[in-house]
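Working notes for the structure below.
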Amino acid sequence: MRMLVAVDLSPASLALVRFAAHLASRMDADLVLIHAYGADEGRIAGPEARLSADRLLERLRAEVDRLVVGSGTDPGRARIVIGKGQPADVILERASRGDVDLIVMGTHGRTGLQRLLVGSVAEGVLRRAPCPVVVVPYAMLMDRQRPPLARAGAS
C-alpha cells in the first residue's frame, strides 16, 4: 500500500507526517510525501536574488526530508516528490498515476471570506481524488503532539 501525504511546510506539517507515519505503520504502507510550489516561491527580493530552479528544489527537498526524519519515519519507506503548480493539481496528478491507495492531508482552518478568496486545496482534492482521502483538521494537528490514532488507544 502507498499513501500520498501532502505537505505545505507549514507548522502543522510535522504533525501531519507523524499522523501519516503512524497510520502507515498500522497498514504496512509506504509514504510518498509531496510538496507543491508556485512560480513565485523561489523569488526572494528580485531577479538578481532569485534562487536557481535546482537550488530551490534542493532546498524544498531538504525541508521535506527534515519532516521525514523529525517524524521518526523509516527513510526507506518514504519517498519525496516536489512538483510545480497549484497544490490540488499537483496532488491529483500524482495520485492519478494509479500507484497511490490513500491521500492524507491537513486543512488550514480557514473559514468564511478567507476560504472563499483563497480556495481550499483539501476541498479540491476531495472532489476529484481517484482514491480515498483522509483530511486531518488543522486545529487537531496543532493542539496535540501524538497522532489522533495513538491518543484513541487504537491497536
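For the C-alpha cells, the naming scheme is as follows: chains receive sequential letters (A, B, ...) according to their order of presentation, residues are indexed from 1 within each chain, and ligands are indexed from 1 in presentation order.
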
Test item: residues at most 9 Å from Ile103 in chain A, only C-alpha atoms, excluding those fewer than 6 positions along its chain, as number ranges by chain: A: 2-6, 91, 95, 125, 129, 131-135

Counting only C-alpha atoms, the residue of A:Val32, A:Leu60, A:Ala88, A:Val7 that sits nearest Gly76 in chain A: A:Val32

Residue neighbourhood Asp65 in chain A, 10 Å, only C-alpha atoms, exclusion window fewer than 4 positions, as a list in words: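 The filter keeps Leu33, Arg59, Leu60, Arg61, Val69, Gly70, Ser71, Pro75, Ala78, Arg79 and Ile80 of chain A.
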
Restricting it to N, CA and C atoms, dump the selection as a CSV table (one decimal), in the first residue's frame.
chain,number,residue,atom,x,y,z
A,33,LEU,N,5.7,11.6,0.3
A,33,LEU,CA,5.5,13.0,0.7
A,33,LEU,C,5.6,13.9,-0.5
A,59,ARG,N,16.5,22.9,-1.8
A,59,ARG,CA,16.0,23.4,-0.5
A,59,ARG,C,14.7,22.8,-0.1
A,60,LEU,N,13.7,22.7,-1.0
A,60,LEU,CA,12.4,22.1,-0.7
A,60,LEU,C,12.6,20.7,-0.3
A,61,ARG,N,13.4,19.9,-1.1
A,61,ARG,CA,13.6,18.5,-0.8
A,61,ARG,C,14.2,18.3,0.6
A,69,VAL,N,12.6,12.8,8.8
A,69,VAL,CA,13.5,12.5,9.9
A,69,VAL,C,12.8,12.9,11.3
A,70,GLY,N,12.2,14.0,11.3
A,70,GLY,CA,11.6,14.5,12.5
A,70,GLY,C,10.4,13.7,13.0
A,71,SER,N,9.7,13.1,12.0
A,71,SER,CA,8.5,12.3,12.3
A,71,SER,C,8.9,10.9,12.8
A,75,PRO,N,13.3,6.2,6.6
A,75,PRO,CA,13.5,6.8,5.4
A,75,PRO,C,13.4,5.8,4.2
A,78,ALA,N,9.9,6.0,2.7
A,78,ALA,CA,9.3,7.3,2.4
A,78,ALA,C,10.1,7.8,1.1
A,79,ARG,N,9.3,8.3,0.2
A,79,ARG,CA,9.8,9.0,-1.0
A,79,ARG,C,9.3,10.4,-0.9
A,80,ILE,N,10.1,11.3,-1.6
A,80,ILE,CA,9.8,12.7,-1.6
A,80,ILE,C,9.5,13.1,-3.1

Residue with smallest distance to Arg77 in chain A - pool A:Ala21, A:Ala53, A:Val104, A:Ala36, counting only C-alpha atoms: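 Of A:Ala21, A:Ala53, A:Val104, A:Ala36, the one nearest Arg77 in chain A is A:Ala21, counting only C-alpha atoms.
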
Selected residue of minimal separation from Ala24 in chain A among A:Ser52, A:Thr107, A:Thr73, A:Ser96, counting only C-alpha atoms: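 That would be A:Thr73, the residue with the smallest distance to Ala24 in chain A.
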
Residue nearest Ala122 in chain A - candidates A:Asp99, A:Pro11, A:Met142, A:Pro87, atoms counted: only C-alpha atoms: A:Pro87

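Here CA of Glu63 in chain A and CA of Leu9 in chain A stand 7.5 Å from one another.
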
Picked from range 44-144 of chain A by DSSP as strand (DSSP E or B), as a list in words: Ala78, Arg79, Ile80, Val81, Ile82, Gly83, Lys84, Leu102, Ile103, Val104, Met105, Gly106, Val133, Val134, Val135 and Val136 of chain A
